[in-house]
file entry-v7.txt (compact mmCIF, C-alpha atoms and all ligand atoms)
# COMPACT_ATOMS: atom_id res chain seq x y z
CA MET A 39 30.76 -2.95 16.59
CA ALA A 40 27.69 -5.15 17.07
CA PHE A 41 24.48 -4.08 15.40
CA ASN A 42 20.98 -5.51 15.55
CA PRO A 43 21.10 -8.16 12.81
CA HIS A 44 17.38 -7.56 12.07
CA LEU A 45 18.48 -4.21 10.70
CA SER A 46 22.14 -4.55 9.70
CA GLU A 47 21.33 -7.45 7.38
CA LEU A 48 18.26 -5.85 5.83
CA PRO A 49 18.72 -4.77 2.23
CA THR A 50 17.80 -1.19 1.33
CA THR A 51 14.17 -1.11 0.18
CA ILE A 52 13.77 -1.66 -3.57
CA PHE A 53 11.74 1.57 -3.83
CA GLU A 54 14.69 3.65 -2.60
CA VAL A 55 17.17 1.66 -4.72
CA MET A 56 15.17 2.16 -7.92
CA SER A 57 14.44 5.85 -7.26
CA GLY A 58 18.18 6.35 -6.57
CA LEU A 59 19.08 4.67 -9.87
CA ALA A 60 16.41 6.72 -11.66
CA ARG A 61 17.98 9.94 -10.33
CA GLN A 62 21.49 8.75 -11.17
CA HIS A 63 20.57 7.79 -14.76
CA GLN A 64 17.98 10.55 -15.31
CA ALA A 65 15.47 7.81 -16.00
CA ILE A 66 11.68 8.04 -16.11
CA ASN A 67 10.62 6.75 -12.71
CA LEU A 68 7.81 4.20 -13.01
CA GLY A 69 9.26 2.37 -9.99
CA GLN A 70 8.36 3.89 -6.62
CA GLY A 71 4.64 4.70 -6.52
CA PHE A 72 3.90 8.42 -6.61
CA PRO A 73 1.99 10.66 -9.02
CA ASP A 74 3.85 13.33 -10.99
CA SER A 75 1.23 15.93 -10.03
CA GLN A 76 1.47 18.05 -6.86
CA GLY A 77 -1.84 17.14 -5.20
CA PRO A 78 -4.93 19.31 -4.59
CA GLU A 79 -4.01 22.98 -4.35
CA ALA A 80 -6.75 23.69 -1.77
CA LEU A 81 -5.15 21.26 0.71
CA ARG A 82 -1.63 22.54 0.08
CA ARG A 83 -2.89 26.12 0.62
CA LEU A 84 -4.60 25.16 3.89
CA ALA A 85 -1.44 23.48 5.21
CA CYS A 86 0.63 26.47 4.12
CA ASP A 87 -1.66 29.02 5.80
CA GLY A 88 -1.69 26.89 8.95
CA LEU A 89 2.12 26.86 9.07
CA MET A 90 2.26 30.65 8.95
CA GLN A 91 -0.74 31.53 11.11
CA GLY A 92 -1.51 28.57 13.37
CA SER A 93 0.28 26.81 16.22
CA ASN A 94 3.39 24.88 15.32
CA GLN A 95 3.57 23.02 18.63
CA TYR A 96 2.73 19.38 19.45
CA PRO A 97 -0.82 18.40 18.55
CA PRO A 98 -2.64 15.79 20.71
CA MET A 99 -1.00 12.36 20.74
CA LEU A 100 -3.89 10.47 19.12
CA GLY A 101 -4.36 13.09 16.41
CA LEU A 102 -6.17 16.43 15.98
CA PRO A 103 -9.76 15.96 17.22
CA GLU A 104 -11.09 17.32 13.90
CA LEU A 105 -9.05 14.78 11.92
CA ARG A 106 -10.12 11.83 14.10
CA ALA A 107 -13.76 12.87 13.63
CA SER A 108 -13.26 13.48 9.92
CA VAL A 109 -11.67 10.03 9.34
CA ALA A 110 -14.61 8.33 11.07
CA GLU A 111 -17.20 10.40 9.16
CA HIS A 112 -15.40 9.77 5.88
CA TYR A 113 -15.68 6.01 6.27
CA VAL A 114 -19.29 6.24 7.42
CA ARG A 115 -20.14 8.24 4.29
CA HIS A 116 -17.96 6.47 1.70
CA GLN A 117 -17.91 2.88 2.97
CA GLY A 118 -21.03 2.60 5.15
CA LEU A 119 -18.95 1.73 8.24
CA SER A 120 -20.02 2.40 11.77
CA LEU A 121 -17.13 4.33 13.36
CA SER A 122 -16.59 7.28 15.71
CA HIS A 123 -13.49 9.32 16.63
CA GLU A 124 -12.82 6.80 19.43
CA HIS A 125 -11.94 4.22 16.79
CA VAL A 126 -9.25 6.43 15.20
CA VAL A 127 -5.53 6.93 15.87
CA VAL A 128 -3.65 9.30 13.54
CA THR A 129 -0.14 8.13 12.61
CA SER A 130 2.80 9.35 10.55
CA GLY A 131 1.80 7.46 7.43
CA ALA A 132 0.42 3.96 7.02
CA THR A 133 3.92 2.63 7.69
CA GLU A 134 3.81 3.88 11.25
CA ALA A 135 0.25 2.56 11.58
CA LEU A 136 1.54 -0.89 10.59
CA ALA A 137 4.47 -0.69 13.02
CA ALA A 138 2.23 0.43 15.89
CA SER A 139 -0.32 -2.31 15.13
CA PHE A 140 2.29 -5.07 15.10
CA LEU A 141 4.01 -3.78 18.27
CA ALA A 142 0.68 -3.42 20.06
CA LEU A 143 -0.97 -6.69 19.06
CA LEU A 144 1.83 -9.25 18.73
CA VAL A 145 3.91 -10.97 21.38
CA PRO A 146 7.17 -12.85 20.74
CA GLY A 147 6.47 -16.29 19.29
CA ASP A 148 3.24 -15.29 17.54
CA GLU A 149 2.77 -16.26 13.91
CA VAL A 150 1.41 -13.88 11.29
CA ILE A 151 0.07 -14.85 7.87
CA VAL A 152 1.47 -12.66 5.09
CA LEU A 153 0.43 -12.94 1.44
CA ASP A 154 3.21 -12.83 -1.17
CA PRO A 155 4.03 -10.64 -3.04
CA ALA A 156 3.98 -8.41 0.04
CA TYR A 157 4.59 -4.72 0.63
CA ASP A 158 8.18 -4.78 1.82
CA ALA A 159 7.66 -3.23 5.27
CA TYR A 160 5.50 -6.07 6.64
CA ARG A 161 8.01 -8.81 7.32
CA PRO A 162 10.76 -6.70 8.94
CA LEU A 163 8.20 -4.94 11.17
CA ILE A 164 6.61 -8.23 12.21
CA ALA A 165 10.10 -9.54 13.06
CA ARG A 166 10.78 -6.43 15.19
CA ALA A 167 7.69 -7.35 17.21
CA GLY A 168 9.27 -10.79 17.82
CA ALA A 169 6.76 -12.65 15.66
CA ARG A 170 7.20 -14.96 12.68
CA SER A 171 5.73 -14.43 9.20
CA MET A 172 4.05 -17.42 7.55
CA THR A 173 3.98 -16.87 3.81
CA ILE A 174 1.10 -17.70 1.48
CA PRO A 175 1.97 -17.06 -2.16
CA LEU A 176 -0.61 -15.74 -4.64
CA PHE A 177 -0.13 -16.57 -8.30
CA PRO A 178 -0.52 -14.55 -11.49
CA PRO A 179 -2.46 -13.86 -13.59
CA LYS A 180 -5.46 -13.75 -11.21
CA TRP A 181 -3.74 -13.49 -7.79
CA THR A 182 -6.71 -15.27 -6.17
CA LEU A 183 -6.85 -15.56 -2.36
CA ASP A 184 -6.22 -19.24 -1.58
CA LEU A 185 -8.37 -19.78 1.52
CA THR A 186 -7.46 -23.48 1.75
CA ALA A 187 -3.74 -22.66 1.78
CA ILE A 188 -4.32 -19.98 4.43
CA GLU A 189 -6.21 -22.37 6.67
CA ALA A 190 -3.50 -25.01 6.25
CA VAL A 191 -0.73 -22.86 7.83
CA ILE A 192 -2.76 -21.90 10.90
CA THR A 193 -1.38 -23.26 14.19
CA PRO A 194 -2.27 -22.48 17.82
CA ARG A 195 0.37 -19.70 17.65
CA THR A 196 -1.22 -17.94 14.67
CA ARG A 197 -2.44 -14.58 15.88
CA MET A 198 -2.91 -12.37 12.84
CA ILE A 199 -3.31 -12.12 9.10
CA VAL A 200 -2.17 -9.10 7.13
CA LEU A 201 -4.43 -8.31 4.21
CA ASN A 202 -3.42 -5.62 1.75
CA ASN A 203 -6.66 -4.79 -0.05
CA PRO A 204 -6.46 -3.46 -2.72
CA MET A 205 -3.11 -5.15 -3.07
CA ASN A 206 0.22 -3.59 -3.98
CA PRO A 207 1.95 -4.72 -6.23
CA THR A 208 -0.61 -6.99 -7.91
CA GLY A 209 -3.42 -4.44 -8.35
CA ARG A 210 -5.87 -7.05 -7.05
CA ALA A 211 -9.04 -5.81 -5.29
CA PHE A 212 -10.42 -8.69 -3.24
CA GLY A 213 -14.16 -9.13 -3.63
CA PRO A 214 -17.03 -9.96 -1.24
CA GLU A 215 -16.74 -13.74 -1.66
CA GLU A 216 -13.01 -14.00 -0.87
CA LEU A 217 -13.44 -11.56 2.03
CA ALA A 218 -16.37 -13.50 3.48
CA GLY A 219 -14.21 -16.66 3.40
CA LEU A 220 -11.38 -14.83 5.14
CA ALA A 221 -13.73 -13.37 7.77
CA ASP A 222 -14.96 -16.88 8.49
CA ILE A 223 -11.38 -18.15 8.95
CA CYS A 224 -10.51 -15.21 11.26
CA GLN A 225 -13.52 -15.92 13.45
CA ARG A 226 -13.09 -19.69 13.61
CA HIS A 227 -9.38 -19.36 14.53
CA ASP A 228 -9.67 -16.20 16.64
CA LEU A 229 -7.32 -14.17 14.40
CA ILE A 230 -6.87 -10.40 14.14
CA ALA A 231 -6.93 -9.01 10.60
CA VAL A 232 -4.63 -6.08 9.94
CA CYS A 233 -6.05 -4.58 6.75
CA ASP A 234 -3.73 -2.27 4.90
CA GLU A 235 -6.26 -0.36 2.77
CA VAL A 236 -4.08 2.55 1.66
CA TRP A 237 -5.28 2.01 -1.93
CA GLU A 238 -9.01 2.03 -1.04
CA HIS A 239 -9.77 5.14 -3.11
CA VAL A 240 -7.55 4.23 -6.06
CA VAL A 241 -9.89 1.68 -7.63
CA LEU A 242 -10.13 1.58 -11.42
CA ASP A 243 -12.85 1.08 -14.03
CA GLY A 244 -15.68 1.96 -11.62
CA GLN A 245 -14.96 -0.89 -9.19
CA LYS A 246 -15.88 -0.74 -5.49
CA HIS A 247 -13.68 -1.21 -2.44
CA HIS A 248 -14.89 -3.71 0.18
CA PRO A 249 -13.50 -3.16 3.71
CA LEU A 250 -13.16 -6.36 5.76
CA ILE A 251 -13.97 -4.47 8.98
CA GLY A 252 -17.54 -3.99 7.69
CA LEU A 253 -18.27 -7.73 7.47
CA PRO A 254 -20.40 -9.39 10.18
CA GLY A 255 -18.29 -10.39 13.19
CA MET A 256 -15.17 -8.47 12.05
CA ALA A 257 -15.58 -5.06 13.76
CA LYS A 258 -13.86 -6.20 16.96
CA ARG A 259 -11.00 -8.12 15.31
CA THR A 260 -10.00 -5.88 12.38
CA VAL A 261 -7.51 -3.04 12.20
CA LYS A 262 -8.14 -0.87 9.14
CA ILE A 263 -5.23 1.27 7.98
CA GLY A 264 -5.53 4.24 5.59
CA SER A 265 -3.15 6.84 4.15
CA ALA A 266 -3.91 10.41 3.14
CA GLY A 267 -0.81 10.24 0.95
CA LYS A 268 -2.61 7.81 -1.36
CA MET A 269 -6.08 9.33 -1.01
CA PHE A 270 -4.94 12.77 -2.16
CA GLY A 271 -1.89 11.83 -4.24
CA MET A 272 0.61 13.50 -1.88
CA THR A 273 2.77 10.59 -0.80
CA GLY A 274 5.32 12.75 1.03
CA TRP A 275 2.76 13.97 3.55
CA LYS A 276 2.89 10.75 5.58
CA VAL A 277 -0.43 11.19 7.36
CA GLY A 278 -1.99 7.82 8.08
CA PHE A 279 -4.74 6.48 10.31
CA VAL A 280 -5.75 3.34 12.12
CA CYS A 281 -9.44 2.52 12.66
CA ALA A 282 -10.25 -0.26 15.12
CA ASP A 283 -12.56 -1.10 17.99
CA PRO A 284 -11.77 1.49 20.74
CA GLU A 285 -10.24 -1.19 22.96
CA ILE A 286 -7.78 -2.18 20.19
CA ALA A 287 -7.24 1.46 19.13
CA ARG A 288 -6.28 2.34 22.71
CA VAL A 289 -3.44 -0.22 22.73
CA ILE A 290 -2.26 0.82 19.26
CA GLY A 291 -2.22 4.40 20.61
CA LYS A 292 0.16 3.19 23.36
CA ALA A 293 2.58 1.85 20.74
CA HIS A 294 2.23 5.04 18.68
CA GLN A 295 3.08 7.26 21.67
CA PHE A 296 6.67 6.01 21.70
CA LEU A 297 7.15 5.64 17.94
CA THR A 298 6.41 9.14 16.65
CA PHE A 299 3.98 10.39 19.34
CA THR A 300 2.29 12.70 16.84
CA THR A 301 2.15 13.99 13.26
CA ALA A 302 2.63 17.48 11.74
CA PRO A 303 -0.45 19.49 12.82
CA HIS A 304 -1.12 21.49 9.66
CA LEU A 305 -0.94 18.44 7.44
CA GLN A 306 -3.47 16.80 9.76
CA ALA A 307 -5.79 19.83 9.55
CA ALA A 308 -5.61 19.91 5.76
CA VAL A 309 -6.32 16.19 5.53
CA ALA A 310 -9.32 16.63 7.86
CA HIS A 311 -10.69 19.14 5.36
CA GLY A 312 -10.06 16.94 2.30
CA LEU A 313 -11.73 13.91 3.88
CA GLY A 314 -14.91 15.97 4.00
CA TRP A 315 -15.03 16.22 0.19
CA GLY A 316 -17.91 14.40 -1.46
CA PRO A 317 -17.80 11.40 -3.81
CA ALA A 318 -17.41 13.57 -6.93
CA TRP A 319 -13.83 14.56 -6.08
CA PHE A 320 -12.74 10.98 -5.43
CA GLU A 321 -14.55 9.77 -8.57
CA GLY A 322 -12.78 12.41 -10.65
CA GLN A 323 -9.43 11.25 -9.33
CA ARG A 324 -10.31 7.61 -10.05
CA ALA A 325 -11.32 8.53 -13.60
CA ASP A 326 -7.91 10.17 -14.17
CA PHE A 327 -6.04 7.14 -12.84
CA THR A 328 -8.22 4.78 -14.89
CA LYS A 329 -7.35 6.75 -18.04
CA ALA A 330 -3.62 6.61 -17.25
CA TYR A 331 -3.85 2.86 -16.54
CA HIS A 332 -5.43 2.15 -19.92
CA PHE A 333 -2.97 4.44 -21.70
CA LEU A 334 0.05 2.55 -20.33
CA ARG A 335 -1.61 -0.83 -20.66
CA THR A 336 -2.60 -0.33 -24.31
CA GLY A 337 0.79 1.09 -25.23
CA LEU A 338 2.70 -1.77 -23.62
CA MET A 339 0.46 -4.40 -25.20
CA ARG A 340 0.98 -2.78 -28.61
CA GLU A 341 4.72 -3.25 -28.07
CA GLY A 342 4.34 -6.96 -27.27
CA PHE A 343 4.27 -6.88 -23.46
CA ALA A 344 1.93 -9.27 -21.62
CA VAL A 345 0.13 -6.95 -19.19
CA LEU A 346 -1.77 -8.38 -16.21
CA ASP A 347 -5.13 -6.89 -15.18
CA SER A 348 -5.16 -4.29 -12.40
CA ALA A 349 -8.33 -3.39 -10.52
CA ALA A 350 -6.73 -0.81 -8.23
CA THR A 351 -3.53 1.01 -7.08
CA TYR A 352 -1.19 3.17 -9.22
CA PHE A 353 0.36 0.00 -10.64
CA LEU A 354 0.15 -2.55 -13.41
CA CYS A 355 2.25 -5.70 -13.71
CA VAL A 356 3.93 -7.19 -16.77
CA ASP A 357 4.71 -10.89 -17.12
CA LEU A 358 8.22 -10.92 -18.60
CA SER A 359 8.19 -14.55 -19.63
CA ALA A 360 4.85 -14.20 -21.44
CA SER A 361 6.35 -11.08 -23.07
CA GLY A 362 9.13 -13.22 -24.56
CA ILE A 363 11.78 -12.02 -22.09
CA GLU A 364 13.62 -14.87 -20.39
CA GLN A 365 15.42 -12.89 -17.67
CA PRO A 366 14.99 -12.72 -13.90
CA SER A 367 12.88 -9.67 -13.04
CA MET A 368 15.75 -7.99 -11.14
CA ASP A 369 18.14 -8.27 -14.12
CA PHE A 370 15.57 -6.84 -16.51
CA CYS A 371 14.76 -3.93 -14.15
CA LEU A 372 18.44 -3.09 -13.57
CA ASN A 373 19.22 -3.16 -17.30
CA THR A 374 16.15 -1.10 -18.09
CA VAL A 375 16.89 1.68 -15.61
CA THR A 376 20.63 1.89 -16.33
CA GLN A 377 20.58 1.40 -20.12
CA PHE A 378 17.11 2.36 -21.33
CA GLY A 379 16.12 5.08 -18.84
CA VAL A 380 12.99 3.64 -17.19
CA ALA A 381 12.80 2.58 -13.53
CA THR A 382 10.41 -0.28 -12.65
CA ILE A 383 10.08 -2.68 -9.69
CA PRO A 384 11.01 -6.39 -9.89
CA LEU A 385 8.44 -8.47 -8.02
CA GLU A 386 11.18 -10.77 -6.75
CA SER A 387 12.05 -8.03 -4.21
CA LEU A 388 8.59 -8.43 -2.67
CA TYR A 389 8.75 -12.19 -2.02
CA ALA A 390 10.05 -13.89 1.14
CA ASP A 391 12.00 -16.23 -1.15
CA PRO A 392 12.89 -14.36 -4.38
CA ALA A 393 13.59 -17.70 -6.09
CA THR A 394 9.86 -18.53 -5.92
CA ALA A 395 8.77 -15.23 -7.49
CA PRO A 396 7.16 -15.24 -10.94
CA PRO A 397 9.07 -13.25 -13.60
CA VAL A 398 6.92 -10.17 -13.22
CA ILE A 399 7.68 -6.45 -12.94
CA ARG A 400 5.55 -3.58 -11.61
CA LEU A 401 5.11 -0.20 -13.30
CA CYS A 402 3.51 2.97 -11.89
CA PHE A 403 1.08 4.62 -14.33
CA ALA A 404 0.26 7.71 -12.21
CA LYS A 405 2.08 9.98 -14.68
CA GLU A 406 1.28 12.40 -17.53
CA GLU A 407 0.54 10.70 -20.87
CA ALA A 408 3.61 12.28 -22.51
CA VAL A 409 5.82 10.70 -19.82
CA LEU A 410 4.10 7.32 -20.20
CA ALA A 411 4.44 7.55 -23.99
CA SER A 412 8.19 8.01 -23.82
CA ALA A 413 8.47 5.25 -21.21
CA ILE A 414 6.63 2.89 -23.57
CA THR A 415 9.09 3.64 -26.39
CA ARG A 416 12.06 3.02 -24.09
CA LEU A 417 10.56 -0.17 -22.66
CA ALA A 418 9.98 -1.46 -26.19
CA ALA A 419 13.69 -0.94 -26.86
CA ALA A 420 14.57 -2.75 -23.61
CA ARG A 421 12.35 -5.68 -24.64
CA ALA A 422 13.93 -5.87 -28.10
CA ALA A 423 17.42 -5.90 -26.55
CA ALA A 424 16.46 -8.58 -24.02
CA ARG A 425 15.14 -10.81 -26.84
CA ALA A 426 18.10 -10.22 -29.18
N1 LIG A 501 1.11 -0.04 2.49
C1 LIG A 501 1.09 -0.17 1.17
C2 LIG A 501 0.46 -1.38 0.56
C3 LIG A 501 1.66 0.79 0.36
O1 LIG A 501 1.64 0.65 -0.96
C4 LIG A 501 2.28 1.91 0.97
C5 LIG A 501 2.97 2.96 0.18
N2 LIG A 501 2.61 3.06 -1.09
C6 LIG A 501 2.25 2.02 2.35
C7 LIG A 501 1.68 1.02 3.09
C8 LIG A 501 2.88 3.17 3.06
O2 LIG A 501 2.06 4.26 3.15
P1 LIG A 501 2.57 5.62 3.83
O3 LIG A 501 3.38 6.33 2.80
O4 LIG A 501 1.32 6.34 4.20
O5 LIG A 501 3.39 5.24 5.01
N1 LIG A 502 4.37 2.29 -1.45
C1 LIG A 502 5.24 2.83 -2.43
C2 LIG A 502 5.32 1.84 -3.59
O1 LIG A 502 4.85 0.76 -3.51
C3 LIG A 502 6.62 3.08 -1.92
C4 LIG A 502 6.74 3.48 -0.50
C5 LIG A 502 8.18 3.63 -0.14
O2 LIG A 502 9.02 3.96 -0.96
N2 LIG A 502 8.48 3.38 1.07
O3 LIG A 502 5.91 2.19 -4.57

call {"tool": "encode", "arguments": {"input": "entry-v7.txt", "output": "structure tokens"}}
result
Amino acid sequence: MAFNPHLSELPTTIFEVMSGLARQHQAINLGQGFPDSQGPEALRRLACDGLMQGSNQYPPMLGLPELRASVAEHYVRHQGLSLSHEHVVVTSGATEALAASFLALLVPGDEVIVLDPAYDAYRPLIARAGARSMTIPLFPPKWTLDLTAIEAVITPRTRMIVLNNPMNPTGRAFGPEELAGLADICQRHDLIAVCDEVWEHVVLDGQKHHPLIGLPGMAKRTVKIGSAGKMFGMTGWKVGFVCADPEIARVIGKAHQFLTFTTAPHLQAAVAHGLGWGPAWFEGQRADFTKAYHFLRTGLMREGFAVLDSAATYFLCVDLSASGIEQPSMDFCLNTVTQFGVATIPLESLYADPATAPPVIRLCFAKEEAVLASAITRLAAARAAARA
């Protein structure tokens, strides 16, 4: 039987592979990014009450009116943006927001700039829209945005750049200077920026998130994507949102109508409520993640691992080579989950050409300290074995 080779030849995502191995080997899962807490009880209670007492029929295609308004108000209040409900389309997670954006804004033959290491959904979704990804690698330990390299790959067919800020898996939060340079490139070459900002609230050590859409000249050429799953630490909820100029949002809505059409109503209503919370709640959550980051970082460094700096996300990266481990990242991760009981993510799975990937692995620190402490002990044993 003939299948679509775009899909039949795709490997299973590394996040699913590693979580599967973690279940099979009863390993501590520092691979796929999710917290080991349940998320805010008030939001779970609201969703639960809604399921029992509210309507369980289709909500409006573009999202519940109260959620669209709440997303816009949230970004006005927390990021100083100028948005209204007309800028917002609610999607089933950021993944659907990405798919709808690519399908709506790309035509076959377009070129899209993607920064490596890249969240693994980008390239296959861009290919499904008939476009071609042009890869720009970033390099550890700083993962700096190379504006000269970006400008060098631009051709008359270049239509879009995908910016993941803050960036998974590197933990990089791009600052005002790099973003101003990128905004300048987008305007000079008439590019659309698709900004995957799912990690916008998970910034560490008191840092600030800078949304590209807020820069002069970018409001009409930027698509900002958010995820309630990351904002409230409930990754299974899959409630995402796109914010863009109403003319762009309208077309993305057209793509969304035949992808999922809509998203579970009571999850939307609960998210609308949570987005209304003030800065104190989000700061408290950031303080907890910052503490967990430093706990894992300090413990790993004590055991001889070379840990790279993270400014955001649930993740930190370890340079294997600088840690004295001369193994490809995939080999180390497979050995560690099957023999030492800790799942991690090899960065080589997030590069267009795995052979060009640095020997780096990613670990999720959004876990209780007791869990992180036992992971550190097991990882130390894995390092000792790899060096023996
Ligand atoms: N983009 C990035 C960079 C992510 O890290 C993730 C998931 N962690 C997503 C998109 C997907 O988000 P969602 O679960 O809301 O689809
Ligand atoms: N974004 C999550 C991560 O980076 C995984 C999402 C998924 O498994 N699809 O770990």

call {"tool": "closest_atom_pairs", "arguments": {"input": "entry-v7.txt", "of": "chain A", "to": "ligand LIG 501 (chain A)", "cutoff": "7 Å", "atoms": "all atoms listed in the file", "output": "Markdown table"}}
result
| residue | atom | partner | partner_atom | distance |
| --- | --- | --- | --- | --- |
| A:Gly71 | CA | A:LIG501 | N2 | 6.0 |
| A:Ser130 | CA | A:LIG501 | O5 | 6.9 |
| A:Gly131 | CA | A:LIG501 | O4 | 3.5 |
| A:Ala132 | CA | A:LIG501 | O4 | 3.8 |
| A:Thr133 | CA | A:LIG501 | O5 | 3.8 |
| A:Glu134 | CA | A:LIG501 | O5 | 6.4 |
| A:Tyr157 | CA | A:LIG501 | C2 | 5.3 |
| A:Asn202 | CA | A:LIG501 | C2 | 5.9 |
| A:Met205 | CA | A:LIG501 | C2 | 6.3 |
| A:Asn206 | CA | A:LIG501 | C2 | 5.1 |
| A:Asp234 | CA | A:LIG501 | N1 | 5.8 |
| A:Val236 | CA | A:LIG501 | N1 | 5.9 |
| A:Ser265 | CA | A:LIG501 | O4 | 4.5 |
| A:Ala266 | CA | A:LIG501 | O4 | 6.7 |
| A:Gly267 | CA | A:LIG501 | O4 | 5.5 |
| A:Lys268 | CA | A:LIG501 | O4 | 7.0 |
| A:Thr273 | CA | A:LIG501 | O3 | 5.6 |
| A:Gly274 | CA | A:LIG501 | O3 | 6.9 |
| A:Lys276 | CA | A:LIG501 | O4 | 4.9 |
| A:Val277 | CA | A:LIG501 | O4 | 6.0 |
| A:Gly278 | CA | A:LIG501 | O4 | 5.3 |

call {"tool": "residues_near_ligand", "arguments": {"input": "entry-v7.txt", "ligand": "ligand LIG 502 (chain A)", "cutoff": "8 Å", "atoms": "all atoms listed in the file", "output": "VMD selection string"}}
result
chain A and resid 51 to 54 69 to 72 157 159 206 to 207 402

call {"tool": "write_last_selection", "arguments": {"input": "entry-v7.txt", "atoms": "C-alpha atoms", "output": "mmCIF file, keeping the file's coordinate frame"}}
result
data_model
loop_
_atom_site.group_PDB
_atom_site.id
_atom_site.type_symbol
_atom_site.label_atom_id
_atom_site.label_comp_id
_atom_site.auth_asym_id
_atom_site.auth_seq_id
_atom_site.Cartn_x
_atom_site.Cartn_y
_atom_site.Cartn_z
ATOM 1 C CA THR A 51 14.170 -1.110 0.180
ATOM 2 C CA ILE A 52 13.770 -1.660 -3.570
ATOM 3 C CA PHE A 53 11.740 1.570 -3.830
ATOM 4 C CA GLU A 54 14.690 3.650 -2.600
ATOM 5 C CA GLY A 69 9.260 2.370 -9.990
ATOM 6 C CA GLN A 70 8.360 3.890 -6.620
ATOM 7 C CA GLY A 71 4.640 4.700 -6.520
ATOM 8 C CA PHE A 72 3.900 8.420 -6.610
ATOM 9 C CA TYR A 157 4.590 -4.720 0.630
ATOM 10 C CA ALA A 159 7.660 -3.230 5.270
ATOM 11 C CA ASN A 206 0.220 -3.590 -3.980
ATOM 12 C CA PRO A 207 1.950 -4.720 -6.230
ATOM 13 C CA CYS A 402 3.510 2.970 -11.890
#

call {"tool": "closest_residue", "arguments": {"input": "entry-v7.txt", "among": "A:Leu354, A:Ala218, A:Ile399, A:Ala404", "to": "Pro254 (chain A)", "atoms": "only C-alpha atoms"}}
result
A:Ala218

call {"tool": "atom_distance", "arguments": {"input": "entry-v7.txt", "atom1": "CA of Ala287 (chain A)", "atom2": "CA of Thr193 (chain A)"}}
result
25.9 Å

call {"tool": "atom_distance", "arguments": {"input": "entry-v7.txt", "atom1": "CA of Tyr113 (chain A)", "atom2": "CA of Arg226 (chain A)"}}
result
26.9 Å

call {"tool": "residues_near_point", "arguments": {"input": "entry-v7.txt", "point": "(-4.4, 10.0, 11.4)", "cutoff": "7 Å", "atoms": "all atoms listed in the file", "output": "list in words"}}
result
Gly101, Leu105, Arg106, Val127, Val128, Thr129, Val277, Gly278, Phe279 and Val280 of chain A

call {"tool": "closest_residue", "arguments": {"input": "entry-v7.txt", "among": "A:Pro303, A:Pro179, A:Gly342, A:Pro249", "to": "Gln117 (chain A)", "atoms": "only C-alpha atoms"}}
result
A:Pro249

call {"tool": "closest_residue", "arguments": {"input": "entry-v7.txt", "among": "A:Gly219, A:Pro178, A:Pro214, A:Pro73", "to": "Ala344 (chain A)", "atoms": "only C-alpha atoms"}}
result
A:Pro178

call {"tool": "closest_atom_pairs", "arguments": {"input": "entry-v7.txt", "of": "region 224-319 of chain A", "to": "region 136-142 of chain A", "cutoff": "8 Å", "atoms": "only C-alpha atoms", "output": "JSON lines"}}
result
{"residue": "A:Val232", "atom": "CA", "partner": "A:Ser139", "partner_atom": "CA", "distance": 7.7}
{"residue": "A:Asp234", "atom": "CA", "partner": "A:Leu136", "partner_atom": "CA", "distance": 7.9}
{"residue": "A:Val261", "atom": "CA", "partner": "A:Ser139", "partner_atom": "CA", "distance": 7.8}
{"residue": "A:Ile263", "atom": "CA", "partner": "A:Leu136", "partner_atom": "CA", "distance": 7.6}
{"residue": "A:Val289", "atom": "CA", "partner": "A:Ala142", "partner_atom": "CA", "distance": 5.9}
{"residue": "A:Ile290", "atom": "CA", "partner": "A:Ala142", "partner_atom": "CA", "distance": 5.2}
{"residue": "A:Gly291", "atom": "CA", "partner": "A:Ala138", "partner_atom": "CA", "distance": 7.6}
{"residue": "A:Lys292", "atom": "CA", "partner": "A:Ala142", "partner_atom": "CA", "distance": 7.4}
{"residue": "A:Ala293", "atom": "CA", "partner": "A:Ala138", "partner_atom": "CA", "distance": 5.1}
{"residue": "A:His294", "atom": "CA", "partner": "A:Ala138", "partner_atom": "CA", "distance": 5.4}
{"residue": "A:Leu297", "atom": "CA", "partner": "A:Ala138", "partner_atom": "CA", "distance": 7.5}

call {"tool": "closest_residue", "arguments": {"input": "entry-v7.txt", "among": "A:Phe370, A:Tyr389, A:Trp315, A:Phe403", "to": "Cys355 (chain A)", "atoms": "only C-alpha atoms"}}
result
A:Phe403

call {"tool": "atom_distance", "arguments": {"input": "entry-v7.txt", "atom1": "CA of Leu334 (chain A)", "atom2": "CA of Arg82 (chain A)"}}
result
28.6 Å

call {"tool": "closest_residue", "arguments": {"input": "entry-v7.txt", "among": "A:Glu124, A:Asp74, A:Glu215, A:Glu364", "to": "Ala330 (chain A)", "atoms": "all atoms listed in the file"}}
result
A:Asp74

call {"tool": "build_atoms", "arguments": {"input": "entry-v7.txt", "residues": "region 221-225 of chain A", "atoms": "N, CA and C atoms", "output": "short mmCIF file (atom, residue, chain, number, x, y, z; two decimals), in the coordinates of the input"}}
result
data_model
loop_
_atom_site.label_atom_id
_atom_site.label_comp_id
_atom_site.auth_asym_id
_atom_site.auth_seq_id
_atom_site.Cartn_x
_atom_site.Cartn_y
_atom_site.Cartn_z
N ALA A 221 -13.08 -13.76 6.50
CA ALA A 221 -13.73 -13.37 7.77
C ALA A 221 -14.11 -14.63 8.55
N ASP A 222 -14.58 -15.62 7.85
CA ASP A 222 -14.96 -16.88 8.49
C ASP A 222 -13.73 -17.54 9.14
N ILE A 223 -12.62 -17.56 8.40
CA ILE A 223 -11.38 -18.15 8.95
C ILE A 223 -10.93 -17.37 10.20
N CYS A 224 -10.95 -16.04 10.12
CA CYS A 224 -10.51 -15.21 11.26
C CYS A 224 -11.36 -15.53 12.50
N GLN A 225 -12.65 -15.70 12.30
CA GLN A 225 -13.52 -15.92 13.45
C GLN A 225 -13.36 -17.34 14.00
#
